[in-house]
Amino acid sequence: MLKKQAVPSLLLMIVLVAFPQISETIYTPSLPDIAAALDVANSSVQLTLSIYFIGFAFGVFCWGWISDFIGRRPAMLGGLIFYGIGSLLCFYAETIPFLLASRLLQAFGAATGSIITQTILRESVTGSQRHAMFAQISAVIAFTPAIGPLIGGWVDQALGFRAVFFVLVIMSILLFIYAYCRLPETTNPATRQRTAIWPVVKRIFASPIVLVYGLLIGGINGVLFSYYAEAPFIFIEHFQLSPGLYGFLGIIVALASIIGAMISKRLVISHSPQKIIHVGCLVMLGGTLLLTIVCTLPLHASMMAIGMLITIFITLLGSGIALPNCLSLALVDFQDVIGTAGAIFSLGYYLLVSAITSGMSLLHNGSLLTMPLYFLGLSLIMWLCGRKFIR
């Protein structure tokens with residue numbers, strides 16, 4: 001009988017799964033300043049968000065696969081080293097190509113926080129307890145994208161955008177120390193193996209329901225981070241908010257994801273996870289429809305901004321309801337190769353997130369209506385796919 005290995009504390013797991021999202025959003029209030037400082041178009045600097053997910057996608061693939069045969073702890077520590085180097089290069093970046101390359105490396109390292117933590121949860125906890133834990137962690141990390149703009153907005157306003165990247169350098173050092181001291185090895189040495197990738201890929205593509213879960217997870221995160229890509233130009237440039245004040249808006253928006261995850265945790269007691277996913281997708285669709293309507297009305301600027309925040313809140317409330325259950329159910333049939341399956345699955349949906357955020361950059365034209373229409377189309381696709389395939 002295999003000896004059960006130690007499981008890290010919930011606090012450590014939350015910290016490790018949350019820092020990639022802080023890294024993604026902390027500098028979003030600085031996007032207009034970066035565009036001006038590097039003398040590039042707004043749409044070009046938005047690509048620093050979409051390229052982050054390309055690096056993240058390949059990072060989760062590599063670290064997830066590697067962790068199956070070298071262990072979770074070495075993979076986590078190795079990724080944090082890459083993350084620190086990438087953050088330091090972002091601090092020194094003087095051109096947009098150098099910044100893009102640095103963000104790619106930073107994201108490649110940061111990916112270990114997501115894939116290794118999720119793998120530990122999936123292999124350590126089962127059944128309704130796993131659904132509840134994913135909901136609990138989702139409720140906490142839903143706040144982390146808001147922490148990023150809040151910190152970044154005030155740091156940028158006080159010290160400039162380069163200081164924001166220096167904050168990430170310091171964070172990488174502290175994370176490495178924390179993980180080195182507190183993260184145990186959770187895989188049993190007797191079960192480590194070099195899992196063949198291609199058979200797992202074929203199993204995933206032979207399962208339409210897994211592909212649909214990937215579409216929903218990628219779509220939900222794509223909407224969230226497309227918002228963080230476009231919102232600074234809407235609220236800072238169009239509505240004339242300061243970077244510091246814009247950072248506070250992230251808290252309001254993040255509450256939607258937190259409340260949604262809490263609702264999901266309560267609903268799972270009396271409803272199936274599949275039913276909860278349908279409810280979440282429907283709420284998202286309704287929120288994006290209302291957002292589109294608000295942006296077509298002849299409202300005063302202040303009322304328009306409030307209306308947009310309320311309808312974005314509804315949209316992200318729906319995503320918070322659906323996302324934990326999608327994450328929990330996606331790979332229930334892949335426990336025998338969970339590290340490699342998680343790596344391949346995450347590679348796919350993070351590439352989708354990158355494609356969606358890139359689409360937001362390409363569509364950026366200064367119009368308030370562009371983002372709502374984009375989100376409405378994405379939400380409609382997700383709702384239809386959920387209705388057809390998830391039972």
# chains A, B, ... in the order shown; residues from 1 in each chain; ligands from 1

call {"tool": "residues_around", "arguments": {"residues": "stretch 90-107 of chain A", "least_positions_apart": "6", "cutoff": "6 Å", "atoms": "only C-alpha atoms", "output": "ChimeraX atom specification"}}
result
/A:48,52,55-56,83,162,165-166

call {"tool": "atom_distance", "arguments": {"atom1": "atom CA of A:Phe313", "atom2": "atom CA of A:Val268"}}
result
21.9 Å

call {"tool": "select_by_dssp", "arguments": {"residues": "stretch 165-293 of chain A", "states": "helix (DSSP H, G or I)", "output": "ChimeraX atom specification"}}
result
/A:165-182,189-191,197-205,208-238,243-267,273-293

call {"tool": "residues_around", "arguments": {"residues": "stretch 337-344 of chain A", "least_positions_apart": "5", "cutoff": "9 Å", "atoms": "only C-alpha atoms", "output": "list in words"}}
result
Ala57, Phe58, Gly59, Val60, Phe61, Cys62, Trp63, Gly64, Trp65, Ile66, Ser67, Asp68, Ile115, Ile116, Gln118, Thr119, Ile120, Arg122, Glu123, Thr195, Ala196, Ile197, Val200, Val201, Ile204, Leu331, Val332 and Tyr349 of chain A

call {"tool": "write_last_selection", "arguments": {"atoms": "C-alpha atoms", "output": "PDB file, in the first residue's frame"}}
result
ATOM      1  CA  ALA A  57       0.192  27.993 -21.960  1.00  0.00           C
ATOM      2  CA  PHE A  58       3.531  26.409 -22.817  1.00  0.00           C
ATOM      3  CA  GLY A  59       4.611  26.803 -19.202  1.00  0.00           C
ATOM      4  CA  VAL A  60       1.706  24.780 -17.830  1.00  0.00           C
ATOM      5  CA  PHE A  61       2.384  22.102 -20.430  1.00  0.00           C
ATOM      6  CA  CYS A  62       6.085  21.815 -19.639  1.00  0.00           C
ATOM      7  CA  TRP A  63       5.889  22.100 -15.845  1.00  0.00           C
ATOM      8  CA  GLY A  64       2.874  19.793 -15.579  1.00  0.00           C
ATOM      9  CA  TRP A  65       4.509  17.092 -17.669  1.00  0.00           C
ATOM     10  CA  ILE A  66       7.896  17.448 -15.990  1.00  0.00           C
ATOM     11  CA  SER A  67       6.331  17.296 -12.516  1.00  0.00           C
ATOM     12  CA  ASP A  68       5.017  13.804 -13.250  1.00  0.00           C
ATOM     13  CA  ILE A 115      -0.617  23.820 -12.981  1.00  0.00           C
ATOM     14  CA  ILE A 116       1.252  22.334 -10.007  1.00  0.00           C
ATOM     15  CA  GLN A 118      -4.234  22.355  -9.468  1.00  0.00           C
ATOM     16  CA  THR A 119      -2.520  18.999  -9.924  1.00  0.00           C
ATOM     17  CA  ILE A 120      -1.954  18.664  -6.164  1.00  0.00           C
ATOM     18  CA  ARG A 122      -6.870  16.983  -8.193  1.00  0.00           C
ATOM     19  CA  GLU A 123      -4.703  14.113  -6.955  1.00  0.00           C
ATOM     20  CA  THR A 195       4.160   9.670 -19.098  1.00  0.00           C
ATOM     21  CA  ALA A 196       3.860   9.359 -22.883  1.00  0.00           C
ATOM     22  CA  ILE A 197       2.213  12.525 -24.193  1.00  0.00           C
ATOM     23  CA  VAL A 200      -3.016  11.322 -23.454  1.00  0.00           C
ATOM     24  CA  VAL A 201      -3.576  13.867 -26.246  1.00  0.00           C
ATOM     25  CA  ILE A 204      -8.465  14.189 -24.548  1.00  0.00           C
ATOM     26  CA  LEU A 331     -10.309  15.814 -15.878  1.00  0.00           C
ATOM     27  CA  VAL A 332     -12.171  13.399 -13.599  1.00  0.00           C
ATOM     28  CA  TYR A 349      -7.305  26.567 -22.779  1.00  0.00           C
TER      29      TYR A 349
END

call {"tool": "residues_around", "arguments": {"residues": "stretch 378-382 of chain A", "least_positions_apart": "4", "cutoff": "10 Å", "atoms": "only C-alpha atoms", "output": "list in words"}}
result
Val212, Tyr213, Leu215, Leu216, Ile217, Gly218, Gly219, Ile220, Gly222, Val223, His278, Cys281, Leu282, Val283, Met284, Leu285, Gly286, Gly287, Thr288, Leu289, Thr315, Ser319, Ile356, Pro372, Leu373, Tyr374, Gly386 and Arg387 of chain A

call {"tool": "closest_residue", "arguments": {"among": "A:Gln274, A:Thr186, A:Ser9, A:Thr292", "to": "A:Gly71", "atoms": "only C-alpha atoms"}}
result
A:Thr186

call {"tool": "residues_around", "arguments": {"residues": "A:His364", "least_positions_apart": "4", "cutoff": "8 Å", "atoms": "only C-alpha atoms", "output": "list in words"}}
result
Ser43, Glu230, Met360 and Thr370 of chain A

call {"tool": "closest_residue", "arguments": {"among": "A:Gly153, A:Gly250, A:Gly348, A:Gly377", "to": "A:Gly214", "atoms": "only C-alpha atoms"}}
result
A:Gly348

call {"tool": "atom_distance", "arguments": {"atom1": "atom CA of A:Asp336", "atom2": "atom CA of A:Ile209"}}
result
18.3 Å

call {"tool": "closest_residue", "arguments": {"among": "A:Ser272, A:Thr117, A:Thr112, A:Asn325", "to": "A:Leu12", "atoms": "only C-alpha atoms"}}
result
A:Thr117

call {"tool": "atom_distance", "arguments": {"atom1": "atom CA of A:Gly113", "atom2": "atom CA of A:Thr144"}}
result
13.5 Å

call {"tool": "residues_around", "arguments": {"residues": "stretch 224-229 of chain A", "least_positions_apart": "5", "cutoff": "7 Å", "atoms": "only C-alpha atoms", "output": "VMD selection string"}}
result
chain A and resid 25 28 46 49 357 360

call {"tool": "closest_residue", "arguments": {"among": "A:Ile51, A:Cys385, A:Ile147, A:Ile22", "to": "A:Leu249", "atoms": "only C-alpha atoms"}}
result
A:Ile147

call {"tool": "closest_residue", "arguments": {"among": "A:Leu369, A:Met304, A:Leu362, A:Ile137", "to": "A:Ser44", "atoms": "only C-alpha atoms"}}
result
A:Leu362

call {"tool": "decode", "arguments": {"residues": "stretch 354-385 of chain A", "atoms": "N, CA and C atoms", "output": "compact mmCIF listing (two decimals), in the first residue's frame"}}
result
# COMPACT_ATOMS: atom_id res chain seq x y z
N SER A 354 -5.21 33.36 -24.71
CA SER A 354 -4.32 34.25 -25.47
C SER A 354 -4.98 34.72 -26.77
N ALA A 355 -5.64 33.78 -27.46
CA ALA A 355 -6.31 34.14 -28.72
C ALA A 355 -7.43 35.15 -28.48
N ILE A 356 -8.19 34.96 -27.39
CA ILE A 356 -9.30 35.87 -27.10
C ILE A 356 -8.80 37.25 -26.72
N THR A 357 -7.75 37.32 -25.87
CA THR A 357 -7.20 38.63 -25.51
C THR A 357 -6.52 39.30 -26.71
N SER A 358 -5.91 38.50 -27.59
CA SER A 358 -5.36 39.06 -28.83
C SER A 358 -6.47 39.62 -29.70
N GLY A 359 -7.61 38.93 -29.73
CA GLY A 359 -8.75 39.44 -30.48
C GLY A 359 -9.21 40.79 -29.96
N MET A 360 -9.20 40.95 -28.64
CA MET A 360 -9.57 42.24 -28.05
C MET A 360 -8.59 43.33 -28.49
N SER A 361 -7.30 43.00 -28.56
CA SER A 361 -6.29 43.97 -29.02
C SER A 361 -6.52 44.35 -30.47
N LEU A 362 -6.81 43.36 -31.30
CA LEU A 362 -7.01 43.63 -32.73
C LEU A 362 -8.28 44.45 -32.98
N LEU A 363 -9.29 44.24 -32.14
CA LEU A 363 -10.56 44.95 -32.32
C LEU A 363 -10.55 46.33 -31.69
N HIS A 364 -9.55 46.62 -30.85
CA HIS A 364 -9.50 47.91 -30.14
C HIS A 364 -9.52 49.07 -31.14
N ASN A 365 -10.53 49.93 -30.99
CA ASN A 365 -10.66 51.08 -31.89
C ASN A 365 -11.12 52.34 -31.17
N GLY A 366 -11.14 52.31 -29.84
CA GLY A 366 -11.55 53.48 -29.07
C GLY A 366 -13.04 53.58 -28.82
N SER A 367 -13.83 52.68 -29.40
CA SER A 367 -15.28 52.71 -29.21
C SER A 367 -15.67 51.95 -27.94
N LEU A 368 -16.64 52.49 -27.20
CA LEU A 368 -17.13 51.81 -25.99
C LEU A 368 -17.91 50.55 -26.32
N LEU A 369 -18.41 50.44 -27.54
CA LEU A 369 -19.28 49.33 -27.91
C LEU A 369 -18.51 48.07 -28.31
N THR A 370 -17.22 48.22 -28.63
CA THR A 370 -16.44 47.09 -29.12
C THR A 370 -16.35 45.95 -28.11
N MET A 371 -15.97 46.26 -26.88
CA MET A 371 -15.84 45.24 -25.85
C MET A 371 -17.16 44.54 -25.54
N PRO A 372 -18.28 45.27 -25.34
CA PRO A 372 -19.55 44.59 -25.07
C PRO A 372 -19.98 43.63 -26.17
N LEU A 373 -19.85 44.04 -27.43
CA LEU A 373 -20.24 43.17 -28.53
C LEU A 373 -19.35 41.92 -28.59
N TYR A 374 -18.07 42.09 -28.33
CA TYR A 374 -17.13 40.97 -28.32
C TYR A 374 -17.52 39.98 -27.21
N PHE A 375 -17.80 40.50 -26.03
CA PHE A 375 -18.17 39.65 -24.90
C PHE A 375 -19.52 38.96 -25.13
N LEU A 376 -20.44 39.65 -25.78
CA LEU A 376 -21.75 39.06 -26.07
C LEU A 376 -21.60 37.86 -26.99
N GLY A 377 -20.79 37.99 -28.03
CA GLY A 377 -20.56 36.88 -28.94
C GLY A 377 -19.91 35.69 -28.26
N LEU A 378 -18.91 35.96 -27.43
CA LEU A 378 -18.23 34.88 -26.70
C LEU A 378 -19.17 34.18 -25.73
N SER A 379 -19.96 34.96 -25.01
CA SER A 379 -20.89 34.37 -24.03
C SER A 379 -21.96 33.53 -24.70
N LEU A 380 -22.42 33.97 -25.86
CA LEU A 380 -23.42 33.21 -26.60
C LEU A 380 -22.86 31.85 -27.04
N ILE A 381 -21.63 31.84 -27.53
CA ILE A 381 -20.99 30.59 -27.94
C ILE A 381 -20.86 29.64 -26.75
N MET A 382 -20.41 30.18 -25.61
CA MET A 382 -20.24 29.33 -24.42
C MET A 382 -21.57 28.77 -23.93
N TRP A 383 -22.60 29.59 -23.93
CA TRP A 383 -23.92 29.12 -23.47
C TRP A 383 -24.46 28.02 -24.37
N LEU A 384 -24.33 28.21 -25.69
CA LEU A 384 -24.83 27.21 -26.64
C LEU A 384 -24.06 25.89 -26.51
N CYS A 385 -22.76 25.96 -26.36
CA CYS A 385 -21.95 24.73 -26.22
C CYS A 385 -22.27 24.02 -24.92
